[in-house]
$ cat input-v9.cif   # mmCIF, N, CA and C atoms
data_protein
loop_
_atom_site.label_atom_id
_atom_site.label_comp_id
_atom_site.auth_asym_id
_atom_site.auth_seq_id
_atom_site.Cartn_x
_atom_site.Cartn_y
_atom_site.Cartn_z
N MET A 26 13.15 172.58 69.87
CA MET A 26 13.38 173.73 69.02
C MET A 26 14.32 174.76 69.65
N PRO A 27 14.37 174.87 70.99
CA PRO A 27 15.28 175.86 71.58
C PRO A 27 16.74 175.61 71.20
N LEU A 28 17.15 174.36 71.05
CA LEU A 28 18.53 174.07 70.68
C LEU A 28 18.82 174.57 69.26
N ALA A 29 17.88 174.42 68.36
CA ALA A 29 18.05 174.93 67.00
C ALA A 29 18.19 176.45 67.03
N ALA A 30 17.40 177.12 67.86
CA ALA A 30 17.50 178.58 67.99
C ALA A 30 18.86 178.98 68.54
N ASP A 31 19.39 178.19 69.48
CA ASP A 31 20.72 178.47 70.02
C ASP A 31 21.79 178.31 68.94
N VAL A 32 21.64 177.32 68.09
CA VAL A 32 22.58 177.11 67.00
C VAL A 32 22.51 178.28 66.03
N ILE A 33 21.32 178.70 65.68
CA ILE A 33 21.16 179.84 64.76
C ILE A 33 21.85 181.07 65.34
N GLU A 34 21.67 181.31 66.61
CA GLU A 34 22.31 182.46 67.24
C GLU A 34 23.84 182.31 67.21
N ALA A 35 24.34 181.12 67.44
CA ALA A 35 25.78 180.89 67.41
C ALA A 35 26.37 181.12 66.02
N LEU A 36 25.58 180.86 64.98
CA LEU A 36 26.06 181.02 63.61
C LEU A 36 26.26 182.49 63.24
N ARG A 37 25.75 183.39 64.04
CA ARG A 37 25.93 184.82 63.78
C ARG A 37 27.40 185.25 63.89
N VAL A 38 28.22 184.42 64.52
CA VAL A 38 29.65 184.77 64.61
C VAL A 38 30.41 184.44 63.34
N VAL A 39 29.79 183.69 62.44
CA VAL A 39 30.45 183.29 61.18
C VAL A 39 30.25 184.41 60.16
N ILE A 40 31.34 185.05 59.81
CA ILE A 40 31.30 186.21 58.91
C ILE A 40 31.80 185.81 57.53
N ASP A 41 31.02 186.13 56.52
CA ASP A 41 31.46 185.93 55.14
C ASP A 41 32.62 186.90 54.90
N PRO A 42 33.80 186.39 54.54
CA PRO A 42 34.97 187.26 54.42
C PRO A 42 34.88 188.27 53.27
N GLU A 43 34.07 187.99 52.28
CA GLU A 43 33.95 188.92 51.16
C GLU A 43 32.95 190.04 51.44
N LEU A 44 31.83 189.70 52.08
CA LEU A 44 30.78 190.69 52.31
C LEU A 44 30.84 191.32 53.70
N GLY A 45 31.55 190.67 54.63
CA GLY A 45 31.69 191.22 55.96
C GLY A 45 30.44 191.16 56.81
N GLU A 46 29.52 190.29 56.45
CA GLU A 46 28.28 190.11 57.20
C GLU A 46 28.17 188.65 57.65
N ASN A 47 27.38 188.41 58.69
CA ASN A 47 27.26 187.03 59.18
C ASN A 47 26.33 186.21 58.28
N VAL A 48 26.52 184.89 58.33
CA VAL A 48 25.81 183.98 57.43
C VAL A 48 24.30 183.96 57.67
N ILE A 49 23.86 184.30 58.86
CA ILE A 49 22.42 184.35 59.14
C ILE A 49 21.81 185.55 58.45
N ASP A 50 22.38 186.74 58.69
CA ASP A 50 21.82 187.95 58.09
C ASP A 50 21.92 187.93 56.57
N LEU A 51 22.92 187.25 56.03
CA LEU A 51 23.05 187.15 54.58
C LEU A 51 22.04 186.18 53.97
N GLY A 52 21.43 185.34 54.79
CA GLY A 52 20.47 184.36 54.27
C GLY A 52 21.14 183.13 53.69
N LEU A 53 22.37 182.85 54.12
CA LEU A 53 23.09 181.69 53.60
C LEU A 53 22.70 180.39 54.30
N ILE A 54 22.04 180.48 55.44
CA ILE A 54 21.61 179.30 56.18
C ILE A 54 20.16 179.03 55.81
N TYR A 55 19.92 177.89 55.18
CA TYR A 55 18.57 177.55 54.73
C TYR A 55 17.78 176.78 55.79
N ASP A 56 18.46 175.97 56.59
CA ASP A 56 17.74 175.16 57.58
C ASP A 56 18.67 174.73 58.69
N VAL A 57 18.16 174.71 59.91
CA VAL A 57 18.86 174.16 61.06
C VAL A 57 17.89 173.23 61.75
N ALA A 58 18.28 171.97 61.88
CA ALA A 58 17.45 170.98 62.57
C ALA A 58 18.33 170.23 63.57
N ILE A 59 17.71 169.78 64.61
CA ILE A 59 18.44 168.99 65.61
C ILE A 59 17.86 167.59 65.60
N ALA A 60 18.70 166.62 65.28
CA ALA A 60 18.29 165.22 65.24
C ALA A 60 18.57 164.58 66.61
N GLU A 61 18.06 163.39 66.76
CA GLU A 61 18.26 162.64 67.99
C GLU A 61 19.75 162.56 68.33
N GLY A 62 20.05 162.68 69.59
CA GLY A 62 21.44 162.59 70.03
C GLY A 62 22.19 163.90 69.95
N GLY A 63 21.47 165.00 69.70
CA GLY A 63 22.11 166.30 69.66
C GLY A 63 22.90 166.56 68.39
N ILE A 64 22.46 165.98 67.29
CA ILE A 64 23.14 166.19 66.01
C ILE A 64 22.50 167.39 65.31
N ALA A 65 23.30 168.44 65.13
CA ALA A 65 22.83 169.63 64.42
C ALA A 65 23.00 169.39 62.93
N GLN A 66 21.91 169.46 62.21
CA GLN A 66 21.93 169.29 60.75
C GLN A 66 21.65 170.65 60.13
N ILE A 67 22.65 171.17 59.41
CA ILE A 67 22.56 172.52 58.87
C ILE A 67 22.67 172.45 57.35
N GLU A 68 21.72 173.09 56.70
CA GLU A 68 21.74 173.19 55.24
C GLU A 68 22.07 174.65 54.92
N MET A 69 23.09 174.84 54.10
CA MET A 69 23.53 176.19 53.78
C MET A 69 23.96 176.30 52.33
N THR A 70 24.18 177.52 51.92
CA THR A 70 24.66 177.81 50.58
C THR A 70 25.77 178.84 50.68
N THR A 71 26.31 179.21 49.54
CA THR A 71 27.24 180.32 49.45
C THR A 71 26.68 181.29 48.41
N THR A 72 27.27 182.46 48.32
CA THR A 72 26.72 183.45 47.41
C THR A 72 26.86 183.03 45.95
N THR A 73 27.87 182.23 45.65
CA THR A 73 28.05 181.69 44.30
C THR A 73 28.57 180.27 44.40
N LYS A 74 28.37 179.48 43.36
CA LYS A 74 28.84 178.09 43.36
C LYS A 74 30.36 177.99 43.49
N GLY A 75 31.08 178.87 42.86
CA GLY A 75 32.54 178.81 42.90
C GLY A 75 33.15 179.68 43.98
N CYS A 76 32.40 180.01 45.01
CA CYS A 76 32.87 180.90 46.07
C CYS A 76 34.18 180.39 46.67
N PRO A 77 35.22 181.20 46.66
CA PRO A 77 36.50 180.76 47.20
C PRO A 77 36.48 180.55 48.71
N ALA A 78 35.48 181.06 49.38
CA ALA A 78 35.38 180.91 50.84
C ALA A 78 34.53 179.73 51.27
N THR A 79 34.12 178.89 50.34
CA THR A 79 33.21 177.79 50.66
C THR A 79 33.75 176.90 51.78
N GLY A 80 34.98 176.45 51.67
CA GLY A 80 35.56 175.57 52.69
C GLY A 80 35.62 176.24 54.04
N TYR A 81 36.05 177.50 54.05
CA TYR A 81 36.13 178.26 55.29
C TYR A 81 34.75 178.39 55.93
N LEU A 82 33.76 178.79 55.13
CA LEU A 82 32.41 179.00 55.67
C LEU A 82 31.81 177.71 56.21
N LYS A 83 31.97 176.63 55.48
CA LYS A 83 31.42 175.34 55.93
C LYS A 83 32.05 174.92 57.26
N GLU A 84 33.36 175.04 57.35
CA GLU A 84 34.06 174.65 58.58
C GLU A 84 33.69 175.59 59.74
N ALA A 85 33.59 176.87 59.47
CA ALA A 85 33.23 177.83 60.52
C ALA A 85 31.81 177.59 61.03
N VAL A 86 30.89 177.27 60.13
CA VAL A 86 29.51 176.97 60.54
C VAL A 86 29.49 175.72 61.40
N GLU A 87 30.21 174.71 60.97
CA GLU A 87 30.28 173.47 61.74
C GLU A 87 30.83 173.74 63.15
N ASN A 88 31.93 174.47 63.23
CA ASN A 88 32.54 174.76 64.53
C ASN A 88 31.64 175.60 65.42
N ALA A 89 30.97 176.59 64.83
CA ALA A 89 30.07 177.43 65.62
C ALA A 89 28.91 176.60 66.18
N ALA A 90 28.36 175.72 65.37
CA ALA A 90 27.26 174.87 65.83
C ALA A 90 27.74 173.92 66.92
N TRP A 91 28.91 173.38 66.73
CA TRP A 91 29.46 172.43 67.70
C TRP A 91 29.75 173.10 69.04
N SER A 92 29.91 174.39 69.06
CA SER A 92 30.21 175.10 70.30
C SER A 92 28.98 175.26 71.20
N VAL A 93 27.81 174.97 70.69
CA VAL A 93 26.56 175.14 71.46
C VAL A 93 26.38 173.96 72.42
N ALA A 94 26.12 174.28 73.67
CA ALA A 94 25.87 173.24 74.66
C ALA A 94 24.68 172.40 74.22
N GLY A 95 24.85 171.09 74.24
CA GLY A 95 23.79 170.17 73.82
C GLY A 95 23.99 169.62 72.42
N VAL A 96 24.83 170.27 71.63
CA VAL A 96 25.15 169.77 70.29
C VAL A 96 26.32 168.80 70.42
N GLN A 97 26.06 167.56 70.02
CA GLN A 97 27.09 166.53 70.10
C GLN A 97 27.88 166.38 68.80
N PHE A 98 27.26 166.78 67.71
CA PHE A 98 27.91 166.68 66.40
C PHE A 98 27.20 167.64 65.46
N ALA A 99 27.93 168.18 64.51
CA ALA A 99 27.34 169.09 63.54
C ALA A 99 27.60 168.57 62.13
N GLU A 100 26.53 168.49 61.35
CA GLU A 100 26.62 168.09 59.95
C GLU A 100 26.22 169.29 59.11
N VAL A 101 27.08 169.69 58.19
CA VAL A 101 26.78 170.82 57.33
C VAL A 101 26.68 170.31 55.90
N ARG A 102 25.55 170.61 55.28
CA ARG A 102 25.34 170.19 53.89
C ARG A 102 25.19 171.44 53.03
N LEU A 103 26.02 171.51 52.00
CA LEU A 103 25.94 172.61 51.04
C LEU A 103 24.91 172.30 49.98
N THR A 104 24.17 173.32 49.59
CA THR A 104 23.22 173.18 48.50
C THR A 104 23.22 174.47 47.69
N TYR A 105 22.84 174.36 46.47
CA TYR A 105 22.70 175.54 45.61
C TYR A 105 21.30 175.60 45.03
N GLU A 106 20.39 174.89 45.66
CA GLU A 106 18.98 174.89 45.28
C GLU A 106 18.17 175.29 46.49
N PRO A 107 17.58 176.40 46.54
CA PRO A 107 17.60 177.42 45.50
C PRO A 107 18.90 178.20 45.53
N ALA A 108 19.22 178.79 44.41
CA ALA A 108 20.41 179.62 44.33
C ALA A 108 20.21 180.85 45.22
N TRP A 109 21.31 181.28 45.87
CA TRP A 109 21.24 182.45 46.74
C TRP A 109 21.04 183.71 45.89
N LEU A 110 20.22 184.60 46.39
CA LEU A 110 19.98 185.91 45.77
C LEU A 110 20.13 186.99 46.84
N PRO A 111 20.57 188.18 46.47
CA PRO A 111 20.69 189.25 47.46
C PRO A 111 19.40 189.52 48.23
N GLU A 112 18.27 189.22 47.64
CA GLU A 112 16.99 189.42 48.31
C GLU A 112 16.82 188.52 49.53
N MET A 113 17.68 187.52 49.67
CA MET A 113 17.60 186.61 50.81
C MET A 113 18.21 187.22 52.07
N MET A 114 18.93 188.31 51.92
CA MET A 114 19.50 188.99 53.08
C MET A 114 18.38 189.64 53.89
N ASN A 115 18.59 189.77 55.18
CA ASN A 115 17.60 190.50 55.96
C ASN A 115 17.78 192.00 55.72
N ASP A 116 16.83 192.78 56.18
CA ASP A 116 16.86 194.22 55.93
C ASP A 116 18.11 194.89 56.48
N SER A 117 18.54 194.45 57.66
CA SER A 117 19.72 195.05 58.29
C SER A 117 20.97 194.86 57.43
N ALA A 118 21.17 193.67 56.92
CA ALA A 118 22.34 193.39 56.08
C ALA A 118 22.25 194.19 54.79
N ARG A 119 21.07 194.26 54.21
CA ARG A 119 20.91 195.04 52.97
C ARG A 119 21.25 196.50 53.21
N GLN A 120 20.83 197.04 54.34
CA GLN A 120 21.13 198.43 54.66
C GLN A 120 22.62 198.64 54.86
N ARG A 121 23.25 197.73 55.62
CA ARG A 121 24.68 197.88 55.88
C ARG A 121 25.51 197.77 54.60
N LEU A 122 25.01 197.00 53.65
CA LEU A 122 25.73 196.84 52.39
C LEU A 122 25.28 197.85 51.32
N GLY A 123 24.39 198.75 51.71
CA GLY A 123 23.95 199.79 50.80
C GLY A 123 23.01 199.31 49.72
N LEU A 124 22.27 198.25 49.99
CA LEU A 124 21.35 197.69 48.99
C LEU A 124 19.89 197.97 49.30
N ALA A 125 19.64 198.69 50.38
CA ALA A 125 18.24 198.94 50.77
C ALA A 125 17.81 200.33 50.33
#
$ encode --input "input-v9.cif" --output "C-alpha cells"
Amino acid sequence: MPLAADVIEALRVVIDPELGENVIDLGLIYDVAIAEGGIAQIEMTTTTKGCPATGYLKEAVENAAWSVAGVQFAEVRLTYEPAWLPEMMNDSARQRLGLA
C-alpha cells in the first residue's frame, strides 16, 4: 500500500488546466492500485465527458505515476461512472475555488 500512497502524492502535481487545482484535490482520481510487477492501475474521470483536457490529464497522470520509484508501468483508465460532481472535491479545493 505504501507505493499506492506514493503514487497518489505524485499525482498532486497534475493540475487541471481549467480549474487550476490538482487532480487529487478535485476528486478526479477514483482508485489507485498497484499490481504485481509494479504496475500502477489508476482509475480516473474528468469534470465532464467532453472535457477538452482529457488527453492531457490522462497522459499527465500516467507520467506522474511512472515517475514514482517502484512503478514499472502505469495504466490509466477513464471512467464516467460515477459522474464527477463538485462535491467530490476536498474542502481545500472547494475553498480555493470559492465553493465552500
$ select_by_dssp --input "input-v9.cif" --residues "chain A" --states "strand (DSSP E or B)" --output "JSON, numbers by chain"
{"A": [40, 47, 54, 55, 56, 57, 58, 59, 60, 64, 65, 66, 67, 68, 69, 98, 99, 100, 101, 102, 103]}
$ residues_near_point --input "input-v9.cif" --point "(26.5, 185.2, 43.9)" --cutoff "8 Å" --atoms "all atoms listed in the file" --output "PDB file with N, CA and C atoms, in the frame of the given file"
ATOM      1  N   THR A  71      26.310 179.210  49.540  1.00  0.00           N
ATOM      2  CA  THR A  71      27.240 180.320  49.450  1.00  0.00           C
ATOM      3  C   THR A  71      26.680 181.290  48.410  1.00  0.00           C
ATOM      4  N   THR A  72      27.270 182.460  48.320  1.00  0.00           N
ATOM      5  CA  THR A  72      26.720 183.450  47.410  1.00  0.00           C
ATOM      6  C   THR A  72      26.860 183.030  45.950  1.00  0.00           C
ATOM      7  N   THR A  73      27.870 182.230  45.650  1.00  0.00           N
ATOM      8  CA  THR A  73      28.050 181.690  44.300  1.00  0.00           C
ATOM      9  C   THR A  73      28.570 180.270  44.400  1.00  0.00           C
ATOM     10  N   LYS A  74      28.370 179.480  43.360  1.00  0.00           N
ATOM     11  CA  LYS A  74      28.840 178.090  43.360  1.00  0.00           C
ATOM     12  C   LYS A  74      30.360 177.990  43.490  1.00  0.00           C
ATOM     13  N   GLY A  75      31.080 178.870  42.860  1.00  0.00           N
ATOM     14  CA  GLY A  75      32.540 178.810  42.900  1.00  0.00           C
ATOM     15  C   GLY A  75      33.150 179.680  43.980  1.00  0.00           C
ATOM     16  N   CYS A  76      32.400 180.010  45.010  1.00  0.00           N
ATOM     17  CA  CYS A  76      32.870 180.900  46.070  1.00  0.00           C
ATOM     18  C   CYS A  76      34.180 180.390  46.670  1.00  0.00           C
ATOM     19  N   ALA A 108      19.220 178.790  44.410  1.00  0.00           N
ATOM     20  CA  ALA A 108      20.410 179.620  44.330  1.00  0.00           C
ATOM     21  C   ALA A 108      20.210 180.850  45.220  1.00  0.00           C
ATOM     22  N   TRP A 109      21.310 181.280  45.870  1.00  0.00           N
ATOM     23  CA  TRP A 109      21.240 182.450  46.740  1.00  0.00           C
ATOM     24  C   TRP A 109      21.040 183.710  45.890  1.00  0.00           C
ATOM     25  N   LEU A 110      20.220 184.600  46.390  1.00  0.00           N
ATOM     26  CA  LEU A 110      19.980 185.910  45.770  1.00  0.00           C
ATOM     27  C   LEU A 110      20.130 186.990  46.840  1.00  0.00           C
ATOM     28  N   PRO A 111      20.570 188.180  46.470  1.00  0.00           N
ATOM     29  CA  PRO A 111      20.690 189.250  47.460  1.00  0.00           C
ATOM     30  C   PRO A 111      19.400 189.520  48.230  1.00  0.00           C
TER      31      PRO A 111
END
$ residues_around --input "input-v9.cif" --residues "stretch 54-58 of chain A" --least-positions-apart "5" --cutoff "5 Å" --atoms "only N, CA and C atoms" --output "ChimeraX atom specification"
/A:48,65-69
$ resolve_selection --input "input-v9.cif" --expression "the PyMOL selection byres ((chain A and resi 97-103) around 7)" --output "ChimeraX atom specification"
/A:62-71,83,86-87,90-91,93-96,104-106
$ residues_around --input "input-v9.cif" --residues "A:Glu112" --least-positions-apart "5" --cutoff "10 Å" --atoms "only C-alpha atoms" --output "PyMOL selection string"
chain A and resi 51-52+119+124-125
$ atom_distance --input "input-v9.cif" --atom1 "atom C of A:Asn47" --atom2 "atom N of A:Ile59"
19.6 Å
$ select_by_dssp --input "input-v9.cif" --residues "stretch 33-112 of chain A" --states "helix (DSSP H, G or I)" --output "PDB file with N, CA and C atoms, keeping the file's coordinate frame"
ATOM      1  N   ILE A  33      21.320 178.700  65.680  1.00  0.00           N
ATOM      2  CA  ILE A  33      21.160 179.840  64.760  1.00  0.00           C
ATOM      3  C   ILE A  33      21.850 181.070  65.340  1.00  0.00           C
ATOM      4  N   GLU A  34      21.670 181.310  66.610  1.00  0.00           N
ATOM      5  CA  GLU A  34      22.310 182.460  67.240  1.00  0.00           C
ATOM      6  C   GLU A  34      23.840 182.310  67.210  1.00  0.00           C
ATOM      7  N   ALA A  35      24.340 181.120  67.440  1.00  0.00           N
ATOM      8  CA  ALA A  35      25.780 180.890  67.410  1.00  0.00           C
ATOM      9  C   ALA A  35      26.370 181.120  66.020  1.00  0.00           C
ATOM     10  N   LEU A  36      25.580 180.860  64.980  1.00  0.00           N
ATOM     11  CA  LEU A  36      26.060 181.020  63.610  1.00  0.00           C
ATOM     12  C   LEU A  36      26.260 182.490  63.240  1.00  0.00           C
ATOM     13  N   ARG A  37      25.750 183.390  64.040  1.00  0.00           N
ATOM     14  CA  ARG A  37      25.930 184.820  63.780  1.00  0.00           C
ATOM     15  C   ARG A  37      27.400 185.250  63.890  1.00  0.00           C
ATOM     16  N   VAL A  38      28.220 184.420  64.520  1.00  0.00           N
ATOM     17  CA  VAL A  38      29.650 184.770  64.610  1.00  0.00           C
ATOM     18  C   VAL A  38      30.410 184.440  63.340  1.00  0.00           C
ATOM     19  N   THR A  79      34.120 178.890  50.340  1.00  0.00           N
ATOM     20  CA  THR A  79      33.210 177.790  50.660  1.00  0.00           C
ATOM     21  C   THR A  79      33.750 176.900  51.780  1.00  0.00           C
ATOM     22  N   GLY A  80      34.980 176.450  51.670  1.00  0.00           N
ATOM     23  CA  GLY A  80      35.560 175.570  52.690  1.00  0.00           C
ATOM     24  C   GLY A  80      35.620 176.240  54.040  1.00  0.00           C
ATOM     25  N   TYR A  81      36.050 177.500  54.050  1.00  0.00           N
ATOM     26  CA  TYR A  81      36.130 178.260  55.290  1.00  0.00           C
ATOM     27  C   TYR A  81      34.750 178.390  55.930  1.00  0.00           C
ATOM     28  N   LEU A  82      33.760 178.790  55.130  1.00  0.00           N
ATOM     29  CA  LEU A  82      32.410 179.000  55.670  1.00  0.00           C
ATOM     30  C   LEU A  82      31.810 177.710  56.210  1.00  0.00           C
ATOM     31  N   LYS A  83      31.970 176.630  55.480  1.00  0.00           N
ATOM     32  CA  LYS A  83      31.420 175.340  55.930  1.00  0.00           C
ATOM     33  C   LYS A  83      32.050 174.920  57.260  1.00  0.00           C
ATOM     34  N   GLU A  84      33.360 175.040  57.350  1.00  0.00           N
ATOM     35  CA  GLU A  84      34.060 174.650  58.580  1.00  0.00           C
ATOM     36  C   GLU A  84      33.690 175.590  59.740  1.00  0.00           C
ATOM     37  N   ALA A  85      33.590 176.870  59.470  1.00  0.00           N
ATOM     38  CA  ALA A  85      33.230 177.830  60.520  1.00  0.00           C
ATOM     39  C   ALA A  85      31.810 177.590  61.030  1.00  0.00           C
ATOM     40  N   VAL A  86      30.890 177.270  60.130  1.00  0.00           N
ATOM     41  CA  VAL A  86      29.510 176.970  60.540  1.00  0.00           C
ATOM     42  C   VAL A  86      29.490 175.720  61.400  1.00  0.00           C
ATOM     43  N   GLU A  87      30.210 174.710  60.970  1.00  0.00           N
ATOM     44  CA  GLU A  87      30.280 173.470  61.740  1.00  0.00           C
ATOM     45  C   GLU A  87      30.830 173.740  63.150  1.00  0.00           C
ATOM     46  N   ASN A  88      31.930 174.470  63.230  1.00  0.00           N
ATOM     47  CA  ASN A  88      32.540 174.760  64.530  1.00  0.00           C
ATOM     48  C   ASN A  88      31.640 175.600  65.420  1.00  0.00           C
ATOM     49  N   ALA A  89      30.970 176.590  64.830  1.00  0.00           N
ATOM     50  CA  ALA A  89      30.070 177.430  65.620  1.00  0.00           C
ATOM     51  C   ALA A  89      28.910 176.600  66.180  1.00  0.00           C
ATOM     52  N   ALA A  90      28.360 175.720  65.370  1.00  0.00           N
ATOM     53  CA  ALA A  90      27.260 174.870  65.830  1.00  0.00           C
ATOM     54  C   ALA A  90      27.740 173.920  66.920  1.00  0.00           C
ATOM     55  N   TRP A  91      28.910 173.380  66.730  1.00  0.00           N
ATOM     56  CA  TRP A  91      29.460 172.430  67.700  1.00  0.00           C
ATOM     57  C   TRP A  91      29.750 173.100  69.040  1.00  0.00           C
ATOM     58  N   PRO A 111      20.570 188.180  46.470  1.00  0.00           N
ATOM     59  CA  PRO A 111      20.690 189.250  47.460  1.00  0.00           C
ATOM     60  C   PRO A 111      19.400 189.520  48.230  1.00  0.00           C
ATOM     61  N   GLU A 112      18.270 189.220  47.640  1.00  0.00           N
ATOM     62  CA  GLU A 112      16.990 189.420  48.310  1.00  0.00           C
ATOM     63  C   GLU A 112      16.820 188.520  49.530  1.00  0.00           C
TER      64      GLU A 112
END
$ atom_distance --input "input-v9.cif" --atom1 "atom N of A:Leu53" --atom2 "atom N of A:Met113"
8.0 Å
$ atom_distance --input "input-v9.cif" --atom1 "atom C of A:Leu122" --atom2 "atom N of A:Ile40"
16.5 Å
$ build_atoms --input "input-v9.cif" --residues "stretch 101-109 of chain A" --atoms "all heavy atoms" --output "compact mmCIF listing (two decimals), in the coordinates of the input"
# COMPACT_ATOMS: atom_id res chain seq x y z
N VAL A 101 27.08 169.69 58.19
CA VAL A 101 26.78 170.82 57.33
C VAL A 101 26.68 170.31 55.90
O VAL A 101 27.60 169.67 55.40
CB VAL A 101 27.86 171.92 57.43
CG1 VAL A 101 27.56 173.07 56.48
CG2 VAL A 101 27.96 172.42 58.87
N ARG A 102 25.55 170.61 55.28
CA ARG A 102 25.34 170.19 53.89
C ARG A 102 25.19 171.44 53.03
O ARG A 102 24.39 172.32 53.31
CB ARG A 102 24.07 169.34 53.78
CG ARG A 102 23.85 168.77 52.39
CD ARG A 102 22.67 167.81 52.36
NE ARG A 102 21.39 168.48 52.28
CZ ARG A 102 20.86 168.96 51.15
NH1 ARG A 102 21.50 168.84 50.02
NH2 ARG A 102 19.68 169.54 51.16
N LEU A 103 26.02 171.51 52.00
CA LEU A 103 25.94 172.61 51.04
C LEU A 103 24.91 172.30 49.98
O LEU A 103 24.81 171.17 49.52
CB LEU A 103 27.29 172.83 50.37
CG LEU A 103 28.35 173.54 51.18
CD1 LEU A 103 29.68 173.50 50.45
CD2 LEU A 103 27.94 174.97 51.47
N THR A 104 24.17 173.32 49.59
CA THR A 104 23.22 173.18 48.50
C THR A 104 23.22 174.47 47.69
O THR A 104 23.58 175.52 48.21
CB THR A 104 21.80 172.87 49.01
OG1 THR A 104 20.95 172.65 47.89
CG2 THR A 104 21.23 174.00 49.84
N TYR A 105 22.84 174.36 46.47
CA TYR A 105 22.70 175.54 45.61
C TYR A 105 21.30 175.60 45.03
O TYR A 105 21.06 176.27 44.03
CB TYR A 105 23.78 175.55 44.53
CG TYR A 105 25.15 175.72 45.18
CD1 TYR A 105 25.96 174.62 45.42
CD2 TYR A 105 25.57 176.97 45.61
CE1 TYR A 105 27.18 174.78 46.06
CE2 TYR A 105 26.79 177.13 46.24
CZ TYR A 105 27.58 176.04 46.47
OH TYR A 105 28.79 176.19 47.11
N GLU A 106 20.39 174.89 45.66
CA GLU A 106 18.98 174.89 45.28
C GLU A 106 18.17 175.29 46.49
O GLU A 106 18.13 174.55 47.46
CB GLU A 106 18.55 173.51 44.79
CG GLU A 106 19.23 173.08 43.52
CD GLU A 106 18.88 173.94 42.33
OE1 GLU A 106 17.74 174.45 42.27
OE2 GLU A 106 19.75 174.14 41.48
N PRO A 107 17.58 176.40 46.54
CA PRO A 107 17.60 177.42 45.50
C PRO A 107 18.90 178.20 45.53
O PRO A 107 19.57 178.27 46.56
CB PRO A 107 16.41 178.32 45.87
CG PRO A 107 16.34 178.22 47.36
CD PRO A 107 16.73 176.79 47.68
N ALA A 108 19.22 178.79 44.41
CA ALA A 108 20.41 179.62 44.33
C ALA A 108 20.21 180.85 45.22
O ALA A 108 19.12 181.39 45.32
CB ALA A 108 20.66 180.05 42.89
N TRP A 109 21.31 181.28 45.87
CA TRP A 109 21.24 182.45 46.74
C TRP A 109 21.04 183.71 45.89
O TRP A 109 21.62 183.85 44.81
CB TRP A 109 22.52 182.58 47.55
CG TRP A 109 22.53 183.75 48.46
CD1 TRP A 109 22.00 183.81 49.72
CD2 TRP A 109 23.07 185.05 48.20
NE1 TRP A 109 22.17 185.07 50.25
CE2 TRP A 109 22.83 185.84 49.34
CE3 TRP A 109 23.72 185.62 47.11
CZ2 TRP A 109 23.24 187.18 49.42
CZ3 TRP A 109 24.13 186.94 47.18
CH2 TRP A 109 23.89 187.71 48.33
